[in-house]
$ cat query_5.cif   # mmCIF, C-alpha atoms and all ligand atoms
data_my_file
loop_
_atom_site.label_atom_id
_atom_site.label_comp_id
_atom_site.auth_asym_id
_atom_site.auth_seq_id
_atom_site.Cartn_x
_atom_site.Cartn_y
_atom_site.Cartn_z
CA MET A 82 18.53 -2.40 -3.27
CA ILE A 83 14.75 -2.29 -2.94
CA GLU A 84 12.64 0.19 -4.90
CA ILE A 85 9.12 1.18 -3.90
CA THR A 86 7.23 3.18 -6.52
CA PHE A 87 3.86 4.78 -5.88
CA LEU A 88 1.30 4.74 -8.68
CA GLY A 89 -0.97 6.97 -6.69
CA SER A 90 -1.56 8.26 -3.21
CA GLY A 91 -5.28 8.90 -3.12
CA GLY A 92 -7.88 7.11 -1.09
CA GLY A 93 -11.48 7.39 -0.09
CA ARG A 94 -14.51 7.73 -2.32
CA PHE A 95 -14.22 11.40 -3.31
CA ILE A 96 -10.54 11.42 -4.25
CA THR A 97 -11.12 8.17 -6.14
CA ILE A 98 -14.02 9.37 -8.26
CA THR A 99 -12.39 12.74 -9.02
CA GLN A 100 -8.81 11.42 -9.39
CA PHE A 101 -7.52 14.58 -7.70
CA ARG A 102 -4.78 12.18 -6.65
CA SER A 103 -4.35 8.93 -8.54
CA THR A 104 -5.24 5.69 -6.81
CA GLY A 105 -3.02 2.98 -8.29
CA GLY A 106 -1.37 1.65 -5.10
CA PHE A 107 2.36 0.86 -5.13
CA HIS A 108 4.95 -1.46 -6.59
CA ILE A 109 7.82 -3.07 -4.68
CA ALA A 110 10.85 -4.29 -6.60
CA ALA A 111 12.85 -6.53 -4.26
CA SER A 112 14.09 -10.03 -5.14
CA ARG A 113 10.61 -10.33 -6.71
CA ASN A 114 8.14 -7.75 -8.02
CA ILE A 115 5.13 -7.26 -5.80
CA TYR A 116 2.17 -5.01 -6.48
CA VAL A 117 0.23 -3.68 -3.51
CA ASP A 118 -3.42 -2.57 -3.59
CA PRO A 119 -4.12 -2.17 -7.33
CA GLY A 120 -6.81 0.51 -7.13
CA PRO A 121 -8.30 2.31 -10.15
CA GLY A 122 -5.49 3.26 -12.55
CA ALA A 123 -2.94 0.66 -11.42
CA LEU A 124 -2.47 -0.80 -14.91
CA VAL A 125 -2.27 2.54 -16.72
CA ARG A 126 0.05 4.09 -14.14
CA SER A 127 2.35 1.05 -14.13
CA TRP A 128 3.03 1.57 -17.83
CA ARG A 129 3.32 5.32 -17.33
CA TYR A 130 6.26 4.72 -14.97
CA LYS A 131 7.76 1.88 -17.00
CA LEU A 132 6.91 -0.83 -14.51
CA ASP A 133 5.98 -3.70 -16.77
CA PRO A 134 3.05 -5.47 -15.03
CA ARG A 135 3.89 -8.67 -16.97
CA LYS A 136 6.96 -8.91 -14.74
CA LEU A 137 4.97 -9.07 -11.51
CA ASP A 138 5.44 -12.11 -9.31
CA ALA A 139 2.85 -11.34 -6.65
CA ILE A 140 -0.09 -9.08 -5.90
CA PHE A 141 -1.17 -8.12 -2.38
CA VAL A 142 -4.67 -6.75 -1.79
CA SER A 143 -5.49 -5.47 1.69
CA HIS A 144 -9.29 -5.44 1.35
CA ARG A 145 -12.32 -5.38 -0.90
CA HIS A 146 -12.88 -1.63 -1.21
CA VAL A 147 -12.75 -0.39 -4.77
CA ASP A 148 -9.91 2.09 -4.16
CA HIS A 149 -7.69 -0.92 -3.30
CA CYS A 150 -8.80 -3.69 -5.66
CA ASN A 151 -10.44 -2.20 -8.77
CA ASP A 152 -7.63 -3.22 -11.16
CA LEU A 153 -6.92 -6.61 -9.58
CA GLU A 154 -8.25 -8.80 -12.40
CA VAL A 155 -6.49 -6.87 -15.15
CA MET A 156 -3.22 -6.93 -13.16
CA VAL A 157 -3.62 -10.70 -12.81
CA GLU A 158 -4.05 -10.88 -16.58
CA ALA A 159 -0.78 -8.95 -17.01
CA MET A 160 1.06 -11.11 -14.47
CA THR A 161 -0.09 -14.24 -16.26
CA GLY A 162 0.76 -13.08 -19.79
CA GLY A 163 -2.85 -12.50 -20.76
CA ALA A 164 -4.18 -15.33 -18.59
CA LEU A 165 -2.28 -17.81 -20.77
CA LYS A 166 0.41 -18.89 -18.29
CA LYS A 167 -0.24 -20.26 -14.84
CA ARG A 168 1.94 -18.03 -12.67
CA GLY A 169 2.03 -15.55 -9.85
CA VAL A 170 0.86 -15.35 -6.30
CA LEU A 171 -2.17 -13.54 -4.90
CA ILE A 172 -2.21 -12.61 -1.23
CA ALA A 173 -5.51 -11.03 -0.29
CA SER A 174 -8.11 -10.56 2.41
CA LYS A 175 -10.94 -13.06 2.57
CA SER A 176 -13.36 -10.40 1.29
CA VAL A 177 -11.33 -9.98 -1.91
CA VAL A 178 -11.49 -13.66 -2.83
CA TYR A 179 -14.93 -14.56 -1.50
CA GLY A 180 -16.74 -11.21 -1.26
CA ASP A 181 -18.84 -10.29 1.76
CA GLU A 182 -22.47 -9.36 2.51
CA GLU A 183 -22.15 -6.22 0.42
CA HIS A 184 -19.55 -7.13 -2.20
CA THR A 185 -19.06 -9.79 -4.83
CA PRO A 186 -15.53 -11.25 -4.96
CA ALA A 187 -13.00 -8.85 -6.53
CA ILE A 188 -11.61 -11.69 -8.64
CA SER A 189 -13.37 -14.22 -10.84
CA GLN A 190 -12.78 -17.96 -10.81
CA TYR A 191 -11.30 -17.57 -14.30
CA HIS A 192 -8.54 -15.34 -12.89
CA ILE A 193 -8.01 -17.49 -9.80
CA ASN A 194 -7.47 -20.51 -12.06
CA VAL A 195 -4.47 -18.93 -13.80
CA LEU A 196 -2.65 -18.06 -10.57
CA GLU A 197 -0.01 -20.36 -9.19
CA SER A 198 -1.23 -19.82 -5.65
CA VAL A 199 -3.78 -17.84 -3.67
CA HIS A 200 -3.24 -17.04 -0.01
CA ILE A 201 -5.93 -15.72 2.30
CA PRO A 202 -3.80 -15.32 5.40
CA GLU A 203 -4.71 -14.39 8.95
CA PRO A 204 -2.62 -11.86 10.90
CA GLY A 205 0.53 -13.54 12.17
CA SER A 206 0.91 -15.78 9.08
CA LYS A 207 4.16 -15.65 7.16
CA ILE A 208 4.49 -15.98 3.39
CA SER A 209 7.82 -16.18 1.57
CA ILE A 210 8.19 -14.42 -1.76
CA GLY A 211 11.68 -14.87 -3.16
CA ASP A 212 14.18 -13.76 -0.52
CA GLU A 213 11.60 -11.73 1.36
CA GLU A 214 8.98 -12.79 3.85
CA LEU A 215 5.64 -11.13 4.47
CA LEU A 216 4.39 -11.16 8.03
CA ILE A 217 0.65 -10.48 7.79
CA THR A 218 -0.58 -7.77 10.16
CA PRO A 219 -4.08 -6.91 11.46
CA SER A 220 -6.30 -3.90 10.75
CA LYS A 221 -9.51 -2.62 12.30
CA HIS A 222 -11.49 -1.43 9.32
CA SER A 223 -15.09 -1.48 8.10
CA ASP A 224 -14.04 -4.49 6.04
CA PRO A 225 -13.16 -6.63 9.07
CA THR A 226 -10.98 -8.99 7.03
CA THR A 227 -8.52 -6.20 6.06
CA ILE A 228 -4.83 -7.16 6.31
CA GLY A 229 -1.51 -5.31 6.13
CA PHE A 230 2.04 -6.61 6.16
CA ARG A 231 5.53 -6.26 7.44
CA MET A 232 7.99 -7.35 4.77
CA ARG A 233 11.22 -8.73 6.17
CA THR A 234 14.15 -8.08 3.85
CA SER A 235 17.93 -8.21 4.11
CA LEU A 236 17.84 -4.39 4.14
CA GLY A 237 15.39 -4.10 7.03
CA ASP A 238 11.62 -4.27 7.27
CA ILE A 239 9.11 -2.46 5.11
CA SER A 240 5.69 -2.13 6.74
CA TYR A 241 2.36 -1.36 5.19
CA ILE A 242 -0.56 -0.20 7.31
CA PRO A 243 -3.67 -0.06 5.10
CA ASP A 244 -7.03 1.40 6.15
CA THR A 245 -7.46 0.95 9.88
CA ALA A 246 -8.59 2.62 13.05
CA TYR A 247 -5.81 3.26 15.52
CA PHE A 248 -5.37 0.52 18.11
CA ASP A 249 -2.57 -0.01 20.64
CA ASP A 250 -1.42 -3.30 19.20
CA LEU A 251 -0.76 -1.62 15.84
CA VAL A 252 2.46 -0.25 17.32
CA ARG A 253 3.72 -3.69 18.30
CA TRP A 254 3.22 -5.11 14.80
CA HIS A 255 5.13 -2.33 13.07
CA ASP A 256 7.65 -1.15 15.68
CA GLY A 257 11.19 -1.21 14.28
CA ALA A 258 10.34 -1.26 10.56
CA ARG A 259 12.78 0.81 8.52
CA VAL A 260 10.16 2.12 6.12
CA LEU A 261 6.57 2.60 7.22
CA ILE A 262 3.91 3.20 4.57
CA ALA A 263 0.59 4.11 6.17
CA ALA A 264 -2.88 5.07 5.02
CA ILE A 265 -3.24 8.42 6.80
CA THR A 266 -6.54 9.57 5.42
CA ARG A 267 -7.49 12.51 7.61
CA PRO A 268 -5.74 15.66 8.87
CA ARG A 269 -5.45 16.86 12.46
CA ASP A 270 -8.71 17.10 14.45
CA MET A 271 -10.73 15.55 11.62
CA GLY A 272 -10.51 11.84 12.32
CA ILE A 273 -13.22 9.46 11.13
CA PRO A 274 -13.97 5.89 12.19
CA TYR A 275 -11.88 3.07 10.71
CA HIS A 276 -9.14 5.35 9.34
CA LEU A 277 -5.92 6.92 10.63
CA SER A 278 -5.50 10.67 11.03
CA THR A 279 -2.41 12.82 11.50
CA ASP A 280 -3.06 12.67 15.27
CA ASP A 281 -3.10 8.85 15.18
CA ALA A 282 0.15 8.78 13.20
CA VAL A 283 1.80 10.99 15.82
CA GLU A 284 0.54 8.82 18.67
CA MET A 285 1.68 5.66 16.89
CA LEU A 286 5.18 6.99 16.21
CA LYS A 287 5.56 8.36 19.74
CA SER A 288 4.65 4.92 21.13
CA MET A 289 7.25 3.11 19.07
CA GLU A 290 10.43 1.99 20.77
CA LYS A 291 12.32 1.97 17.49
CA LYS A 292 10.84 4.53 15.14
CA PRO A 293 11.00 4.08 11.36
CA GLU A 294 13.65 5.92 9.37
CA VAL A 295 10.95 7.05 6.99
CA LEU A 296 7.17 7.39 7.16
CA VAL A 297 5.27 7.64 3.87
CA MET A 298 1.74 8.99 4.05
CA SER A 299 -0.60 7.50 1.48
CA HIS A 300 -4.34 7.01 0.96
CA ILE A 301 -4.87 10.77 1.14
CA GLY A 302 -8.58 11.54 1.47
CA MET A 303 -10.33 14.69 0.22
CA LYS A 304 -10.17 16.49 3.60
CA MET A 305 -6.44 15.69 3.90
CA HIS A 306 -5.86 16.75 0.29
CA PHE A 307 -7.35 20.19 0.94
CA ALA A 308 -5.83 20.54 4.40
CA ASN A 309 -2.42 20.25 2.65
CA PRO A 310 -0.85 16.86 3.36
CA TYR A 311 2.66 18.38 3.08
CA LYS A 312 1.87 20.60 6.08
CA GLU A 313 0.60 17.56 7.97
CA ALA A 314 3.78 15.65 7.08
CA LYS A 315 5.92 18.54 8.37
CA TYR A 316 3.91 18.55 11.60
CA ILE A 317 4.40 14.79 12.08
CA GLU A 318 8.10 15.21 11.39
CA ASN A 319 8.46 18.12 13.84
CA VAL A 320 6.60 16.39 16.64
CA THR A 321 8.09 12.89 16.28
CA GLY A 322 11.45 13.43 14.56
CA VAL A 323 10.56 10.87 11.88
CA LYS A 324 11.30 11.93 8.29
CA THR A 325 7.84 12.02 6.71
CA TYR A 326 6.94 12.09 3.03
CA VAL A 327 3.64 12.33 1.20
CA ALA A 328 3.31 9.75 -1.55
CA LYS A 329 2.34 10.86 -5.03
CA GLU A 330 2.19 9.28 -8.45
CA GLY A 331 5.78 8.54 -9.53
CA PHE A 332 7.23 8.91 -6.00
CA ARG A 333 10.00 6.37 -5.52
CA ILE A 334 11.86 5.28 -2.39
CA THR A 335 15.12 3.46 -2.86
CA VAL A 336 16.26 1.46 0.16
CA ASN A 337 19.94 0.69 0.43
CA LYS A 338 21.91 -0.68 3.32
CA LYS A 339 23.12 2.73 4.45
CA GLU A 340 20.51 5.15 3.21
CA ILE A 341 16.99 5.63 1.99
CA ALA A 342 16.73 7.93 -1.03
CA VAL A 343 13.59 9.44 -2.54
CA ARG A 344 12.77 11.02 -5.87
CA THR A 345 9.81 11.57 -8.15
CA LEU A 346 9.93 9.93 -11.57
CA ARG A 347 8.80 11.63 -14.73
CA PRO A 348 5.95 9.91 -16.52
CA ALA A 349 6.76 8.20 -19.81
CA ARG A 350 5.69 10.23 -22.83
CA PHE A 351 3.58 7.66 -24.59
CA VAL A 352 0.69 7.76 -22.12
ZN ZN B 401 -11.27 0.77 2.90
#

$ encode --input "query_5.cif" --output "structure tokens"
Amino acid sequence: MIEITFLGSGGGRFITITQFRSTGGFHIAASRNIYVDPGPGALVRSWRYKLDPRKLDAIFVSHRHVDHCNDLEVMVEAMTGGALKKRGVLIASKSVVYGDEEHTPAISQYHINVLESVHIPEPGSKISIGDEELLITPSKHSDPTTIGFRMRTSLGDISYIPDTAYFDDLVRWHDGARVLIAAITRPRDMGIPYHLSTDDAVEMLKSMEKKPEVLVMSHIGMKMHFANPYKEAKYIENVTGVKTYVAKEGFRITVNKKEIAVRTLRPARFV
């Protein structure tokens, strides 16, 4: 059994600064615990849904935009028992570790020093974490070093498409995944550069030879939020036949051999 729990579903500057949707990224519990894109609120939301961040084994950060990496250092501190134990793996874009022309690194040398390993992989690289393997996938985003992944598991593949423009090759990298989590920021007819819209999601799914069992829309931007992402999900589902969900804080997908179940967790009372 693999459990994927969302600690938010928001993306883009306006949803992030208003927290109309929370922006904590998501947690994968497979043979190891992996946190993906710890945006603002990742630490607080982890505790809210009883996902102890001290039990993390790895953190994946797709790129150096604040809605994806804001809580990285504090999550590293949790993973390393308060930066007292050398443990855990970081897999991140080059911009996260080194910064770029516009950004400082998202992680200090102090935090890098307490990690067991740091990977800055190129698309096509493979990294084993426990029984799973991450195949690193490309993106075309304003941070040109942005990476996604396709996680190979004994229960099928789980793909993550972070911020990206649509490009034909995207289909090839993610075709046949059982669960597809994608940053679909904009609604129909309102696409913007470097991000996927509902129209792109439809085109991508239609082009796939083996469509996913489940598509999860995440990284909901302000225009998508007010256009009603649930309506957009229904449209994608009607046009492509792929069961489509909108992520939200507490949304959990449970992947078993035979079925994929979803539910929304209640927040713990103490936060
Ligand atoms: Zn971005």

$ closest_residue --input "query_5.cif" --among "A:Ile301, A:Gly92, A:Phe248, A:Asp152" --to "ligand ZN 401 (chain B)" --atoms "all atoms listed in the file"
A:Gly92

$ residues_near_ligand --input "query_5.cif" --ligand "ligand ZN 401 (chain B)" --cutoff "8 Å" --atoms "only C-alpha atoms and all ligand atoms" --output "number ranges by chain"
A: 93, 144-149, 222-224, 243-245

$ residues_around --input "query_5.cif" --residues "A:Glu214" --least-positions-apart "3" --cutoff "12 Å" --atoms "only C-alpha atoms" --output "PyMOL selection string"
chain A and resi 111-113+115+205-211+217+230-235+237-240

$ atom_distance --input "query_5.cif" --atom1 "atom CA of A:Glu330" --atom2 "atom CA of A:Met303"
16.2 Å

$ atom_distance --input "query_5.cif" --atom1 "atom CA of A:Ser189" --atom2 "atom CA of A:Leu137"
19.1 Å

$ atom_distance --input "query_5.cif" --atom1 "atom CA of A:Ala110" --atom2 "atom CA of A:Asp256"
22.7 Å

$ residues_around --input "query_5.cif" --residues "A:Lys136" --least-positions-apart "4" --cutoff "10 Å" --atoms "all atoms listed in the file" --output "ChimeraX atom specification"
/A:113-115,132,159-162,169

$ write_last_selection --input "query_5.cif" --atoms "C-alpha atoms" --output "PDB file, keeping the file's coordinate frame"
ATOM      1  CA  ARG A 113      10.610 -10.330  -6.710  1.00  0.00           C
ATOM      2  CA  ASN A 114       8.140  -7.750  -8.020  1.00  0.00           C
ATOM      3  CA  ILE A 115       5.130  -7.260  -5.800  1.00  0.00           C
ATOM      4  CA  LEU A 132       6.910  -0.830 -14.510  1.00  0.00           C
ATOM      5  CA  ALA A 159      -0.780  -8.950 -17.010  1.00  0.00           C
ATOM      6  CA  MET A 160       1.060 -11.110 -14.470  1.00  0.00           C
ATOM      7  CA  THR A 161      -0.090 -14.240 -16.260  1.00  0.00           C
ATOM      8  CA  GLY A 162       0.760 -13.080 -19.790  1.00  0.00           C
ATOM      9  CA  GLY A 169       2.030 -15.550  -9.850  1.00  0.00           C
TER      10      GLY A 169
END

$ residues_around --input "query_5.cif" --residues "A:Ala282" --least-positions-apart "6" --cutoff "10 Å" --atoms "all atoms listed in the file" --output "list of chain:residue names"
A:Tyr247, A:Ala263, A:Ala264, A:Ile265, A:Arg269, A:Ser288, A:Leu296, A:Met298, A:Ala314, A:Ile317, A:Thr321

$ residues_near_point --input "query_5.cif" --point "(-10.9, -13.2, -8.6)" --cutoff "12 Å" --atoms "only C-alpha atoms" --output "PyMOL selection string"
chain A and resi 140+142+145+150-158+171-180+185-196+199

$ build_atoms --input "query_5.cif" --residues "stretch 325-350 of chain A" --atoms "N, CA, C and O atoms" --output "PDB file, in the frame of the given file"
ATOM      1  N   THR A 325       9.163  12.384   7.215  1.00  0.00           N
ATOM      2  CA  THR A 325       7.840  12.020   6.710  1.00  0.00           C
ATOM      3  C   THR A 325       7.619  12.571   5.307  1.00  0.00           C
ATOM      4  O   THR A 325       7.831  13.765   5.066  1.00  0.00           O
ATOM      5  N   TYR A 326       7.213  11.699   4.412  1.00  0.00           N
ATOM      6  CA  TYR A 326       6.940  12.090   3.030  1.00  0.00           C
ATOM      7  C   TYR A 326       5.465  11.841   2.713  1.00  0.00           C
ATOM      8  O   TYR A 326       4.823  10.989   3.319  1.00  0.00           O
ATOM      9  N   VAL A 327       4.984  12.581   1.727  1.00  0.00           N
ATOM     10  CA  VAL A 327       3.640  12.330   1.200  1.00  0.00           C
ATOM     11  C   VAL A 327       3.826  11.616  -0.136  1.00  0.00           C
ATOM     12  O   VAL A 327       4.547  12.108  -1.006  1.00  0.00           O
ATOM     13  N   ALA A 328       3.197  10.475  -0.280  1.00  0.00           N
ATOM     14  CA  ALA A 328       3.310   9.750  -1.550  1.00  0.00           C
ATOM     15  C   ALA A 328       2.612  10.534  -2.654  1.00  0.00           C
ATOM     16  O   ALA A 328       1.711  11.322  -2.398  1.00  0.00           O
ATOM     17  N   LYS A 329       3.068  10.349  -3.867  1.00  0.00           N
ATOM     18  CA  LYS A 329       2.340  10.860  -5.030  1.00  0.00           C
ATOM     19  C   LYS A 329       2.685   9.948  -6.200  1.00  0.00           C
ATOM     20  O   LYS A 329       3.624   9.145  -6.109  1.00  0.00           O
ATOM     21  N   GLU A 330       1.924  10.086  -7.267  1.00  0.00           N
ATOM     22  CA  GLU A 330       2.190   9.280  -8.450  1.00  0.00           C
ATOM     23  C   GLU A 330       3.635   9.500  -8.912  1.00  0.00           C
ATOM     24  O   GLU A 330       4.074  10.640  -9.074  1.00  0.00           O
ATOM     25  N   GLY A 331       4.390   8.433  -9.080  1.00  0.00           N
ATOM     26  CA  GLY A 331       5.780   8.540  -9.530  1.00  0.00           C
ATOM     27  C   GLY A 331       6.787   8.669  -8.385  1.00  0.00           C
ATOM     28  O   GLY A 331       7.994   8.670  -8.627  1.00  0.00           O
ATOM     29  N   PHE A 332       6.317   8.772  -7.151  1.00  0.00           N
ATOM     30  CA  PHE A 332       7.230   8.910  -6.000  1.00  0.00           C
ATOM     31  C   PHE A 332       7.929   7.571  -5.748  1.00  0.00           C
ATOM     32  O   PHE A 332       7.278   6.539  -5.667  1.00  0.00           O
ATOM     33  N   ARG A 333       9.250   7.617  -5.691  1.00  0.00           N
ATOM     34  CA  ARG A 333      10.000   6.370  -5.520  1.00  0.00           C
ATOM     35  C   ARG A 333      10.942   6.452  -4.312  1.00  0.00           C
ATOM     36  O   ARG A 333      11.667   7.432  -4.147  1.00  0.00           O
ATOM     37  N   ILE A 334      10.924   5.403  -3.512  1.00  0.00           N
ATOM     38  CA  ILE A 334      11.860   5.280  -2.390  1.00  0.00           C
ATOM     39  C   ILE A 334      12.837   4.186  -2.755  1.00  0.00           C
ATOM     40  O   ILE A 334      12.429   3.079  -3.128  1.00  0.00           O
ATOM     41  N   THR A 335      14.109   4.480  -2.623  1.00  0.00           N
ATOM     42  CA  THR A 335      15.120   3.460  -2.860  1.00  0.00           C
ATOM     43  C   THR A 335      15.800   3.145  -1.531  1.00  0.00           C
ATOM     44  O   THR A 335      16.349   4.039  -0.877  1.00  0.00           O
ATOM     45  N   VAL A 336      15.708   1.881  -1.132  1.00  0.00           N
ATOM     46  CA  VAL A 336      16.260   1.460   0.160  1.00  0.00           C
ATOM     47  C   VAL A 336      17.587   0.758  -0.096  1.00  0.00           C
ATOM     48  O   VAL A 336      17.641  -0.251  -0.801  1.00  0.00           O
ATOM     49  N   ASN A 337      18.634   1.333   0.447  1.00  0.00           N
ATOM     50  CA  ASN A 337      19.940   0.690   0.430  1.00  0.00           C
ATOM     51  C   ASN A 337      20.337   0.389   1.859  1.00  0.00           C
ATOM     52  O   ASN A 337      19.658   0.797   2.791  1.00  0.00           O
ATOM     53  N   LYS A 338      21.465  -0.308   1.980  1.00  0.00           N
ATOM     54  CA  LYS A 338      21.910  -0.680   3.320  1.00  0.00           C
ATOM     55  C   LYS A 338      22.101   0.554   4.202  1.00  0.00           C
ATOM     56  O   LYS A 338      21.629   0.614   5.329  1.00  0.00           O
ATOM     57  N   LYS A 339      22.755   1.564   3.636  1.00  0.00           N
ATOM     58  CA  LYS A 339      23.120   2.730   4.450  1.00  0.00           C
ATOM     59  C   LYS A 339      22.083   3.843   4.420  1.00  0.00           C
ATOM     60  O   LYS A 339      21.947   4.594   5.369  1.00  0.00           O
ATOM     61  N   GLU A 340      21.394   3.982   3.297  1.00  0.00           N
ATOM     62  CA  GLU A 340      20.510   5.150   3.210  1.00  0.00           C
ATOM     63  C   GLU A 340      19.219   4.835   2.473  1.00  0.00           C
ATOM     64  O   GLU A 340      19.115   3.838   1.748  1.00  0.00           O
ATOM     65  N   ILE A 341      18.267   5.727   2.696  1.00  0.00           N
ATOM     66  CA  ILE A 341      16.990   5.630   1.990  1.00  0.00           C
ATOM     67  C   ILE A 341      16.852   6.908   1.173  1.00  0.00           C
ATOM     68  O   ILE A 341      16.858   8.009   1.728  1.00  0.00           O
ATOM     69  N   ALA A 342      16.804   6.755  -0.151  1.00  0.00           N
ATOM     70  CA  ALA A 342      16.730   7.930  -1.030  1.00  0.00           C
ATOM     71  C   ALA A 342      15.334   8.042  -1.614  1.00  0.00           C
ATOM     72  O   ALA A 342      14.649   7.033  -1.787  1.00  0.00           O
ATOM     73  N   VAL A 343      14.897   9.255  -1.908  1.00  0.00           N
ATOM     74  CA  VAL A 343      13.590   9.440  -2.540  1.00  0.00           C
ATOM     75  C   VAL A 343      13.712  10.350  -3.758  1.00  0.00           C
ATOM     76  O   VAL A 343      14.575  11.223  -3.796  1.00  0.00           O
ATOM     77  N   ARG A 344      12.868  10.102  -4.730  1.00  0.00           N
ATOM     78  CA  ARG A 344      12.770  11.020  -5.870  1.00  0.00           C
ATOM     79  C   ARG A 344      11.416  10.806  -6.549  1.00  0.00           C
ATOM     80  O   ARG A 344      10.726   9.818  -6.253  1.00  0.00           O
ATOM     81  N   THR A 345      11.072  11.734  -7.418  1.00  0.00           N
ATOM     82  CA  THR A 345       9.810  11.570  -8.150  1.00  0.00           C
ATOM     83  C   THR A 345      10.135  11.371  -9.621  1.00  0.00           C
ATOM     84  O   THR A 345      10.841  12.186 -10.229  1.00  0.00           O
ATOM     85  N   LEU A 346       9.644  10.278 -10.176  1.00  0.00           N
ATOM     86  CA  LEU A 346       9.930   9.930 -11.570  1.00  0.00           C
ATOM     87  C   LEU A 346       9.074  10.763 -12.518  1.00  0.00           C
ATOM     88  O   LEU A 346       7.955  11.146 -12.177  1.00  0.00           O
ATOM     89  N   ARG A 347       9.605  10.980 -13.704  1.00  0.00           N
ATOM     90  CA  ARG A 347       8.800  11.630 -14.730  1.00  0.00           C
ATOM     91  C   ARG A 347       7.971  10.568 -15.440  1.00  0.00           C
ATOM     92  O   ARG A 347       8.468   9.477 -15.704  1.00  0.00           O
ATOM     93  N   PRO A 348       6.745  10.895 -15.783  1.00  0.00           N
ATOM     94  CA  PRO A 348       5.950   9.910 -16.520  1.00  0.00           C
ATOM     95  C   PRO A 348       6.511   9.677 -17.926  1.00  0.00           C
ATOM     96  O   PRO A 348       7.082  10.595 -18.509  1.00  0.00           O
ATOM     97  N   ALA A 349       6.349   8.475 -18.446  1.00  0.00           N
ATOM     98  CA  ALA A 349       6.760   8.200 -19.810  1.00  0.00           C
ATOM     99  C   ALA A 349       5.885   8.998 -20.760  1.00  0.00           C
ATOM    100  O   ALA A 349       4.739   9.315 -20.451  1.00  0.00           O
ATOM    101  N   ARG A 350       6.404   9.315 -21.937  1.00  0.00           N
ATOM    102  CA  ARG A 350       5.690  10.230 -22.830  1.00  0.00           C
ATOM    103  C   ARG A 350       4.493   9.583 -23.522  1.00  0.00           C
ATOM    104  O   ARG A 350       3.569  10.270 -23.927  1.00  0.00           O
TER     105      ARG A 350
END
